[in-house]
Structure formats: C-alpha cells, structure tokens
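Structure first, then comments.
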Amino acid sequence: MSFGEPEGYDGYARPRALGGRRRPQAVAAGVCLVLGLGLVTGAVTGSWLAGDSGDDGARSAFTAAGDLWHSVPVDQLFPPTVQGRGAGPGGADRTWTRVAVAPDGDCAGAFDPLLAKVLDPVGCTRLLRATYTDATQSHVTTVGLLFAKADAAAMTALADRFEKEDLGRRTDLMPLPYAAKDTVAAGFGAPQRASWTVSVLTDAPVVVYAVSGWADGRTVDEPEPAEEAMETGAGSAPAQAGLGHEAQGLADRVERALRKNVGPATEHPS
C-alpha cells in the first residue's frame, strides 16, 4: 500500500516553498500532520499485512468460510469437471472428472486414528469429500474439506504444528480415500494410497486434503507425499506416474473454489 507524496513537502517530509514563505507555525503544523498520517498509515498497513485477527473484515470472512458447507451447492465446491492448466508433470495440462461425492457428515471414521487425533484440536463441524479421475481414467484422487469448529488462533496453531513437525510428510498421517461403488474408484482403499497432501488454512476454519492412487486397484508399498513426488528428478513410482501432481493439483483448485465462494478477503493469488 502506498500514498502519494503530500503536496508541499519533499521525500523527507521537509516543507518546500509553494509560491512564498510560510510562517513557522504553519510549517510546524504541516510537519505534524504528515507525521501523524505516516503513523496512521503505518498502523493500517501493518495490520493488513499481518492479517490482524481483530479486523472486522477478516473475522467476517473467517466466519463466512466456516458456513460454506451448508450454504454453497456441491457443484461449486467440487465442480463436475476441473481444469488443471499446467498442473501435470513438466507443466502438462490436466482435466479431472468427478465420479462420486460422499454424503456429508461428521468426521467419525473418516480418518485413520492417528490423523484423527492430530486434527482433533480444531474439531469437526462437517466433512465434505469427492473423488475424481483423470482424463485417461488411470488415476483416482479423493479431495476433502474438513470444516473445523476452531477459531483463527487454533487453526494457526495446528498449521504451525504441521510445519514445525513436518506432519504432512508422515505416511502414518495420510488421509483416507473415498471409494464409490460402480465407479473407477471402487477399489480405491487405504492400501491403494500413493500420494497425498494436507493443508491447514489459517484464514478459514478449513483443512483441505487430497490423496491419489491408481484406478486399477494396485497396492502401494511406499507412498510419497505430493511435495516430494513433484520434485524434479523424483524416481518413485508415484512420482513417475504423476500422482503427486494429481493430489496437489486437485487440492489447490478445490481450495481456490472455496475461496471464491467466500470473496476477495480470502482469495490468494494462483
């Protein structure tokens, strides 16, 4: 955020002539005004950059995001078709088609016990899940939105824990997939998990996650987090198949859809 230079002052807030000499009192008053504006501007800018939780707009956006599970149609949160321009390995485009939407409910039984324990501090108001397949129907990916009961401080604490303890890379903290009968994802169970990502939002009471695997039901002995599977030169089977890109690409785009339904206050650059 920037403001134009006040007319009548140089870049160091020193008075400059505007057609004649000014009385000392006027000059002093002008300097005080400039300094006062600077202090106010600095405070406002600092609050905006820091995402001050005391800001009414931020609180309203946070609250609005927590209500989306019952106020926004499922097709807006989980579009039937998702375009992933540049989302594949080497910047290749991806297209994902939704094959199933799970009935919304609480989080009971939706996660392995250890991950459920890690997420427990933020609570669970509602869990929404959908499963997609790629254009070749070779891969399947479940993406989920956990709407938490927590406030901004608790969400920030959980996000910090994920980062500091590197929880997003632990194979014992992978999300579970959603397998739907009579779809290409019918055999997509826990042993088929190949790559995953978990993102704890701090400007909304939501945890976004995705987990991917092969559509043919093959088991995976060594799953790999999406962040590692997407690295240049990664040689694991999930990496070579692009399953890290599948999980991360879908999670990113579902998160963007979520933010668009809240409004500009929570939208991040893509």
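All residue names refer to the structure tokens as shown: chains lettered A, B, ... in order, residues numbered from 1 in each chain, ligands numbered from 1 in order.
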**Item:** segment 28-195 of chain A: residues DSSP assigns to alpha helix (DSSP H), reported as a VMD selection string
**Value:** chain A and resid 28 to 50 56 to 66 68 to 71 74 to 77 113 to 119 152 to 164
**Request:** Using only C-alpha atoms, determine which residues lie at most 10 Å from segment 179-188 of chain A, disregarding the query and same-chain residues fewer than 3 positions distant; provide the list as a PyMOL selection string.
**Result:** chain A and resi 99-102+130-133+137-142+176+191-193+212-219
**Given only C-alpha atoms as the counted atoms, nearest of A:Asp120, A:Glu255, A:Glu224, A:Asp166 to Gln240 of chain A** = A:Glu224
**Prompt:** Using only C-alpha atoms, which residue out of A:Pro89, A:Gly242, A:Gly84, A:Pro103 lies closest to Tyr178 of chain A?
**Reply:** A:Pro103
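Comparing A:Val206, A:Val211, A:Ala239, A:Leu119 by their smallest distance to Arg259 of chain A, the closest is A:Val206 (using only C-alpha atoms).
For the residues A:Gln248, A:Asn261, A:Ser60, A:Ser195, ranking by smallest atom-to-atom distance to Thr171 of chain A using only C-alpha atoms places A:Ser195 first.
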**Request:** Using backbone DSSP assignments, extract all strand (DSSP E or B) residues from segment 56-245 of chain A; output them as a VMD selection string.
**Result:** chain A and resid 81 to 84 94 to 101 105 126 to 134 139 to 147 195 to 200 206 to 214 224 to 225
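The smallest atom-to-atom distance between Val72 of chain A and any of A:Leu201, A:Ala116, A:Cys107, A:Leu128, using only C-alpha atoms, is found for A:Leu128.
Atom CA of Arg98 of chain A to atom CA of Thr81 of chain A spans 6.2 Å [interatomic distance, one decimal].
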**Long-range neighbours of segment 144-157 of chain A as a PyMOL selection string, 8 Å cut-off, only C-alpha atoms, 5 positions minimum in chain** = chain A and resi 53+62+66+69+107+121-130+200-210
Can I get the selection written as a PDB file, in the first residue's frame, with C-alpha atoms?
```pdb
ATOM      1  CA  SER A  53      -7.450 -11.123  13.621  1.00  0.00           C
ATOM      2  CA  PHE A  62     -13.349 -16.430   8.518  1.00  0.00           C
ATOM      3  CA  GLY A  66     -16.982 -21.888   8.045  1.00  0.00           C
ATOM      4  CA  TRP A  69     -20.617 -26.426   3.749  1.00  0.00           C
ATOM      5  CA  CYS A 107     -15.501 -36.952  10.798  1.00  0.00           C
ATOM      6  CA  PRO A 121      -7.843 -29.881  18.491  1.00  0.00           C
ATOM      7  CA  VAL A 122      -9.705 -27.970  15.753  1.00  0.00           C
ATOM      8  CA  GLY A 123     -12.834 -30.117  15.908  1.00  0.00           C
ATOM      9  CA  CYS A 124     -15.094 -31.115  13.045  1.00  0.00           C
ATOM     10  CA  THR A 125     -18.337 -29.429  12.088  1.00  0.00           C
ATOM     11  CA  ARG A 126     -18.679 -31.153   8.717  1.00  0.00           C
ATOM     12  CA  LEU A 127     -16.631 -33.199   6.285  1.00  0.00           C
ATOM     13  CA  LEU A 128     -17.175 -32.997   2.523  1.00  0.00           C
ATOM     14  CA  ARG A 129     -15.417 -35.350   0.085  1.00  0.00           C
ATOM     15  CA  ALA A 130     -15.402 -36.079  -3.622  1.00  0.00           C
ATOM     16  CA  VAL A 200      -4.427 -26.367   7.216  1.00  0.00           C
ATOM     17  CA  LEU A 201      -5.844 -22.951   6.335  1.00  0.00           C
ATOM     18  CA  THR A 202      -5.348 -20.089   8.781  1.00  0.00           C
ATOM     19  CA  ASP A 203      -7.762 -17.559   7.254  1.00  0.00           C
ATOM     20  CA  ALA A 204     -10.648 -20.048   7.230  1.00  0.00           C
ATOM     21  CA  PRO A 205     -11.675 -22.878   9.575  1.00  0.00           C
ATOM     22  CA  VAL A 206     -10.954 -25.496   6.917  1.00  0.00           C
ATOM     23  CA  VAL A 207      -8.460 -28.296   6.336  1.00  0.00           C
ATOM     24  CA  VAL A 208      -8.024 -29.166   2.650  1.00  0.00           C
ATOM     25  CA  TYR A 209      -6.570 -32.532   1.692  1.00  0.00           C
ATOM     26  CA  ALA A 210      -6.217 -34.881  -1.245  1.00  0.00           C
TER      27      ALA A 210
END
```
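Between atom CA of Asp252 of chain A and atom CA of Leu68 of chain A the interatomic distance comes to 17.3 Å.
Our summary of the geometry notes that atom CA of Ala247 of chain A is positioned 23.2 Å from atom CA of Val262 of chain A.
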